[in-house]
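Novice: Attaching a single structure in structure tokens format; questions to follow.
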Amino acid sequence: MKISFKINGDNETRDVNPSKTLLRFIREDLNLTGTKEGCGEGECGACTVILNGKAVHSCLTLAAEIDGAEVTTVEGLVKNGELDILQNKFMEHNAIQCGFCTPGMLMAAKALLMVNQSPSELEIRRAMAGNICRCTGYKPIIDAVKDAARGGRK
Ligand code: FES
Ligand code: FES
């Protein structure tokens, strides 16, 4: 089937197998490999992308569902060659170790900050509860999101 959608600000029309997941479509058809496959069944959050303003698990979403929709992947966080403040704060706070969870963490945090620019720590923890990290112990990730929400202000 043919689908038309916007990905990271660009309009695209592609043929897609109706049974293909959005995760596979993004990685294999669009060659956007920043989005990671961890569990493949909605448990780890590594595959998180933003679909029409909401964080979704792309492993549980069909590519066909993005017809007429707008999708942002981790590659779309960079604007005019500049990293998003979240990416800078993740680096500053050492919130990245192996990095496998990082694209999903960033996209879950971005979706939160798009609708809530001054989230409480509890709101951050709730928004990112579906994202698993086996390296960092989570504190630096939460600190990085809090700092990004403050716009880097102390
Ligand atoms: S790969 Fe989608 S939630 Fe784990
Ligand atoms: S940094 Fe390794 S899983 Fe999070």
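Starting from 1 in every chain, residues are counted up; chains themselves are A, B, ... following the order of the structure tokens, and ligands are numbered from 1 as listed.
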At a cut-off of 7 Å and counting only C-alpha atoms and all ligand atoms, what residues surround ligand 2? Please answer as a PyMOL selection string.

Specialist: chain A and resi 95-102+132-136

Novice: Neighbours of stretch 109-120 of chain A within 12 Å (only C-alpha atoms; same-chain residues fewer than 4 positions away dropped), as JSON, numbers by chain?

Specialist: {"A": [45, 48, 49, 50, 51, 52, 53, 54, 55, 56, 71, 72, 73, 74, 76, 77, 84, 85, 86, 87, 89, 90, 102, 103, 104, 105, 124, 125, 126, 127, 128, 129, 130, 131, 141, 142, 143, 144, 145, 146, 147, 148, 149, 150, 151]}

Novice: For stretch 6-22 of chain A, work out the shell of residues within 6 Å, counting only C-alpha atoms and skipping chain neighbours fewer than 4 positions away, then give it as a PDB file with N, CA and C atoms, in the first residue's frame.

Specialist:
ATOM      1  N   MET A   1       0.845  -1.187   0.000  1.00  0.00           N
ATOM      2  CA  MET A   1       0.000   0.000   0.000  1.00  0.00           C
ATOM      3  C   MET A   1       0.888   1.247   0.000  1.00  0.00           C
ATOM      4  N   LYS A   2       0.310   2.344  -0.521  1.00  0.00           N
ATOM      5  CA  LYS A   2       1.075   3.592  -0.584  1.00  0.00           C
ATOM      6  C   LYS A   2       0.687   4.475   0.613  1.00  0.00           C
ATOM      7  N   ILE A  26      11.105   2.454   9.513  1.00  0.00           N
ATOM      8  CA  ILE A  26      12.034   3.562   9.752  1.00  0.00           C
ATOM      9  C   ILE A  26      13.476   3.114   9.511  1.00  0.00           C
ATOM     10  N   SER A  58       7.525   2.305  18.390  1.00  0.00           N
ATOM     11  CA  SER A  58       7.391   2.031  16.957  1.00  0.00           C
ATOM     12  C   SER A  58       7.365   0.533  16.660  1.00  0.00           C
ATOM     13  N   CYS A  59       7.812  -0.298  17.628  1.00  0.00           N
ATOM     14  CA  CYS A  59       7.740  -1.754  17.406  1.00  0.00           C
ATOM     15  C   CYS A  59       6.317  -2.263  17.506  1.00  0.00           C
ATOM     16  N   THR A  61       3.685  -0.319  16.484  1.00  0.00           N
ATOM     17  CA  THR A  61       2.907   0.522  15.569  1.00  0.00           C
ATOM     18  C   THR A  61       3.158   0.020  14.151  1.00  0.00           C
ATOM     19  N   LEU A  62       2.121  -0.054  13.347  1.00  0.00           N
ATOM     20  CA  LEU A  62       2.318  -0.439  11.951  1.00  0.00           C
ATOM     21  C   LEU A  62       2.714   0.786  11.132  1.00  0.00           C
ATOM     22  N   ALA A  63       3.587   0.579  10.168  1.00  0.00           N
ATOM     23  CA  ALA A  63       3.987   1.686   9.300  1.00  0.00           C
ATOM     24  C   ALA A  63       2.758   2.289   8.621  1.00  0.00           C
ATOM     25  N   ALA A  64       1.776   1.449   8.286  1.00  0.00           N
ATOM     26  CA  ALA A  64       0.571   1.931   7.610  1.00  0.00           C
ATOM     27  C   ALA A  64      -0.161   2.982   8.438  1.00  0.00           C
ATOM     28  N   GLU A  70       2.541  12.804  11.124  1.00  0.00           N
ATOM     29  CA  GLU A  70       3.861  13.426  11.233  1.00  0.00           C
ATOM     30  C   GLU A  70       4.680  12.647  12.262  1.00  0.00           C
ATOM     31  N   VAL A  71       5.868  12.241  11.848  1.00  0.00           N
ATOM     32  CA  VAL A  71       6.727  11.415  12.711  1.00  0.00           C
ATOM     33  C   VAL A  71       8.054  12.132  12.931  1.00  0.00           C
ATOM     34  N   THR A  72       8.539  12.074  14.158  1.00  0.00           N
ATOM     35  CA  THR A  72       9.891  12.574  14.442  1.00  0.00           C
ATOM     36  C   THR A  72      10.695  11.440  15.058  1.00  0.00           C
ATOM     37  N   GLY A  76      15.661  13.673  13.844  1.00  0.00           N
ATOM     38  CA  GLY A  76      14.944  14.930  13.655  1.00  0.00           C
ATOM     39  C   GLY A  76      15.166  15.925  14.781  1.00  0.00           C
TER      40      GLY A  76
END

Novice: Mind listing the residues within 6 Å of ligand 1, only C-alpha atoms and all ligand atoms counted, as a PyMOL selection string?

Specialist: chain A and resi 37-47+57-59

Novice: Restricting the output to N, CA, C and O atoms, write the selected residues as a short mmCIF file (atom, residue, chain, number, x, y, z; two decimals), in the first residue's frame.

Specialist:
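Saved result, selection-v8.cif, follows:
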data_model
loop_
_atom_site.label_atom_id
_atom_site.label_comp_id
_atom_site.auth_asym_id
_atom_site.auth_seq_id
_atom_site.Cartn_x
_atom_site.Cartn_y
_atom_site.Cartn_z
N GLU A 37 15.97 -1.24 18.11
CA GLU A 37 15.10 -2.36 18.47
C GLU A 37 15.71 -3.08 19.66
O GLU A 37 16.81 -3.62 19.55
N GLY A 38 15.01 -3.03 20.79
CA GLY A 38 15.45 -3.79 21.96
C GLY A 38 14.62 -5.05 22.07
O GLY A 38 14.94 -6.08 21.49
N CYS A 39 13.51 -4.93 22.79
CA CYS A 39 12.67 -6.12 23.03
C CYS A 39 11.79 -6.48 21.84
O CYS A 39 11.43 -7.64 21.64
N GLY A 40 11.39 -5.49 21.07
CA GLY A 40 10.48 -5.74 19.95
C GLY A 40 9.06 -6.03 20.37
O GLY A 40 8.23 -6.42 19.55
N GLU A 41 8.76 -5.83 21.66
CA GLU A 41 7.39 -6.13 22.11
C GLU A 41 6.85 -5.13 23.13
O GLU A 41 6.05 -5.49 23.99
N GLY A 42 7.28 -3.88 23.03
CA GLY A 42 6.66 -2.84 23.84
C GLY A 42 7.12 -2.75 25.28
O GLY A 42 6.48 -2.08 26.10
N GLU A 43 8.24 -3.38 25.63
CA GLU A 43 8.67 -3.40 27.03
C GLU A 43 9.82 -2.45 27.35
O GLU A 43 9.98 -2.05 28.50
N CYS A 44 10.65 -2.09 26.37
CA CYS A 44 11.91 -1.41 26.73
C CYS A 44 11.99 0.07 26.34
O CYS A 44 12.77 0.82 26.89
N GLY A 45 11.20 0.49 25.36
CA GLY A 45 11.19 1.89 24.96
C GLY A 45 12.31 2.31 24.02
O GLY A 45 12.37 3.48 23.62
N ALA A 46 13.21 1.40 23.66
CA ALA A 46 14.34 1.77 22.79
C ALA A 46 13.87 2.27 21.42
O ALA A 46 14.58 3.02 20.76
N CYS A 47 12.68 1.87 21.03
CA CYS A 47 12.17 2.17 19.69
C CYS A 47 11.27 3.41 19.67
O CYS A 47 10.58 3.65 18.68
N HIS A 57 5.71 3.53 20.91
CA HIS A 57 6.64 2.43 20.65
C HIS A 57 6.50 2.04 19.17
O HIS A 57 5.46 1.50 18.77
N SER A 58 7.52 2.31 18.39
CA SER A 58 7.39 2.03 16.96
C SER A 58 7.37 0.53 16.66
O SER A 58 6.92 0.12 15.60
N CYS A 59 7.81 -0.30 17.63
CA CYS A 59 7.74 -1.75 17.41
C CYS A 59 6.32 -2.26 17.51
O CYS A 59 6.02 -3.37 17.05
#

Novice: Please, what distance in Å, to one decimal, runs between atom CA of A:Ser4 and atom CA of A:Gly68?

Specialist: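 Distance between the two atoms: 5.7 Å.
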